[in-house]
file run-v9.cif (mmCIF, C-alpha atoms)
data_model
#
loop_
_atom_site.label_atom_id
_atom_site.label_comp_id
_atom_site.auth_asym_id
_atom_site.auth_seq_id
_atom_site.Cartn_x
_atom_site.Cartn_y
_atom_site.Cartn_z
CA MET A 1 9.98 17.42 -9.52
CA LEU A 2 6.24 17.30 -10.21
CA THR A 3 4.22 18.83 -7.40
CA HIS A 4 0.97 19.23 -9.29
CA LEU A 5 -0.49 18.59 -12.71
CA ASP A 6 -0.63 21.68 -14.89
CA THR A 7 -3.90 22.74 -16.56
CA THR A 8 -2.87 21.18 -19.87
CA THR A 9 -2.43 17.81 -18.17
CA VAL A 10 -5.76 18.15 -16.37
CA TYR A 11 -7.47 18.93 -19.67
CA ASP A 12 -5.83 15.90 -21.29
CA LEU A 13 -7.07 13.68 -18.44
CA LYS A 14 -10.63 14.95 -18.96
CA LYS A 15 -10.25 14.22 -22.67
CA GLU A 16 -8.89 10.76 -21.84
CA PHE A 17 -11.95 10.01 -19.70
CA SER A 18 -14.45 11.27 -22.27
CA MET A 19 -12.86 9.44 -25.22
CA ASN A 20 -11.62 6.23 -23.64
CA LYS A 21 -14.09 3.39 -24.04
CA SER A 22 -11.96 1.15 -21.77
CA ILE A 23 -12.85 3.05 -18.59
CA GLY A 24 -14.71 0.72 -16.29
CA LYS A 25 -13.52 -2.31 -18.24
CA GLU A 26 -9.72 -2.49 -17.96
CA ARG A 27 -6.65 -0.92 -16.34
CA ILE A 28 -5.54 2.42 -17.80
CA TYR A 29 -2.13 3.93 -17.10
CA ASN A 30 -1.70 7.67 -16.51
CA LYS A 31 0.02 9.11 -19.58
CA ALA A 32 0.81 12.35 -17.71
CA PHE A 33 3.59 10.57 -15.81
CA ALA A 34 5.13 8.68 -18.75
CA SER A 35 7.22 11.69 -19.80
CA ARG A 36 8.62 11.75 -16.26
CA GLY A 37 9.80 8.14 -16.46
CA ARG A 38 6.81 6.70 -14.56
CA GLU A 39 4.82 4.53 -16.92
CA ASP A 40 3.54 2.43 -14.00
CA VAL A 41 1.18 5.06 -12.52
CA ILE A 42 -2.38 3.76 -12.76
CA LEU A 43 -5.12 6.23 -13.65
CA TRP A 44 -8.02 3.77 -13.57
CA ASP A 45 -8.24 0.12 -12.59
CA VAL A 46 -11.05 -2.41 -12.48
CA GLN A 47 -11.21 -5.31 -10.03
CA LYS A 48 -13.97 -7.92 -9.84
CA VAL A 49 -15.57 -7.82 -6.40
CA GLU A 50 -18.48 -10.03 -5.38
CA ASN A 51 -21.49 -8.62 -3.54
CA GLY A 52 -20.68 -8.58 0.19
CA GLN A 53 -16.98 -9.26 -0.36
CA LEU A 54 -14.57 -7.45 1.97
CA ILE A 55 -11.56 -5.80 0.39
CA LYS A 56 -8.38 -4.48 1.95
CA VAL A 57 -6.52 -1.46 0.57
CA THR A 58 -2.91 -1.04 1.68
CA PHE A 59 -0.96 2.15 1.13
CA VAL A 60 2.67 1.08 0.84
CA SER A 61 4.15 4.55 1.27
CA LYS A 62 3.07 8.01 2.35
CA ASN A 63 6.20 10.05 1.74
CA SER A 64 5.50 11.14 -1.85
CA PRO A 65 5.59 14.85 -2.72
CA TYR A 66 2.71 14.19 -5.14
CA HIS A 67 -1.00 14.43 -4.31
CA GLN A 68 -2.34 10.89 -4.26
CA GLY A 69 -5.56 9.12 -3.50
CA ILE A 70 -8.00 6.51 -4.65
CA ARG A 71 -11.68 6.46 -5.45
CA LEU A 72 -13.65 3.27 -4.89
CA ALA A 73 -17.02 2.72 -6.57
CA THR A 74 -19.32 -0.24 -7.16
CA ASP A 75 -22.58 -0.92 -8.93
CA LYS A 76 -24.43 -1.45 -5.63
CA GLY A 77 -22.58 0.93 -3.29
CA ILE A 78 -19.98 0.70 -0.56
CA GLU A 79 -20.82 0.37 3.13
CA VAL A 80 -18.80 2.52 5.52
CA ASN A 81 -19.78 2.63 9.19
CA GLY A 82 -23.26 1.35 8.41
CA GLN A 83 -23.96 3.88 5.62
CA ILE A 84 -24.14 2.97 1.91
CA TYR A 85 -22.35 5.28 -0.55
CA PRO A 86 -22.15 5.00 -4.37
CA SER A 87 -18.41 5.72 -4.09
CA ILE A 88 -15.79 6.82 -1.57
CA MET A 89 -12.48 8.65 -1.86
CA LEU A 90 -9.42 7.92 0.23
#
call {"tool": "encode", "arguments": {"input": "run-v9.cif", "output": "structure tokens"}}
result
Amino acid sequence: MLTHLDTTTVYDLKKEFSMNKSIGKERIYNKAFASRGREDVILWDVQKVENGQLIKVTFVSKNSPYHQGIRLATDKGIEVNGQIYPSIML
């Protein structure tokens, strides 16, 4: 059972971010989970959102032993409770 990513995996993710020219352009799957039979874990995804468009994020489960979360960012910022932020983490 994976309860955290070891330092080698974290280093590889940093390397992935620094070398991958697709970040910000297309979906990237997390290679750290492929060896554990989970090739469907998304590391980075890009969705087209129009200015002023509302989006809904649904978490389908919360019973995973793994640390999970999402970061949302846009070119113009995200409004939360009347404040504009360049990005937010859930």
call {"tool": "resolve_selection", "arguments": {"input": "run-v9.cif", "expression": "the PyMOL selection byres ((chain A and resi 47) around 12)", "output": "count of residues only"}}
result
15
call {"tool": "resolve_selection", "arguments": {"input": "run-v9.cif", "expression": "the PyMOL selection byres ((chain A and resi 42) around 10)", "output": "ChimeraX atom specification"}}
result
/A:27-31,33,38-41,43-45
call {"tool": "atom_distance", "arguments": {"input": "run-v9.cif", "atom1": "CA of Ile70 (chain A)", "atom2": "CA of Ile88 (chain A)"}}
result
8.4 Å
call {"tool": "atom_distance", "arguments": {"input": "run-v9.cif", "atom1": "CA of Arg36 (chain A)", "atom2": "CA of Val57 (chain A)"}}
result
26.2 Å
call {"tool": "residues_around", "arguments": {"input": "run-v9.cif", "residues": "Pro86 (chain A)", "least_positions_apart": "5", "cutoff": "12 Å", "atoms": "all atoms listed in the file", "output": "list in words"}}
result
Arg71, Leu72, Ala73, Thr74, Asp75, Lys76, Gly77, Ile78, Glu79 and Val80 of chain A
call {"tool": "write_last_selection", "arguments": {"input": "run-v9.cif", "atoms": "C-alpha atoms", "output": "JSON list (two decimals), keeping the file's coordinate frame"}}
result
[["chain", "number", "residue", "atom", "x", "y", "z"],
["A", 71, "ARG", "CA", -11.68, 6.46, -5.45],
["A", 72, "LEU", "CA", -13.65, 3.27, -4.89],
["A", 73, "ALA", "CA", -17.02, 2.72, -6.57],
["A", 74, "THR", "CA", -19.32, -0.24, -7.16],
["A", 75, "ASP", "CA", -22.58, -0.92, -8.93],
["A", 76, "LYS", "CA", -24.43, -1.45, -5.63],
["A", 77, "GLY", "CA", -22.58, 0.93, -3.29],
["A", 78, "ILE", "CA", -19.98, 0.70, -0.56],
["A", 79, "GLU", "CA", -20.82, 0.37, 3.13],
["A", 80, "VAL", "CA", -18.80, 2.52, 5.52]]
call {"tool": "atom_distance", "arguments": {"input": "run-v9.cif", "atom1": "CA of Phe59 (chain A)", "atom2": "CA of Asn81 (chain A)"}}
result
20.5 Å
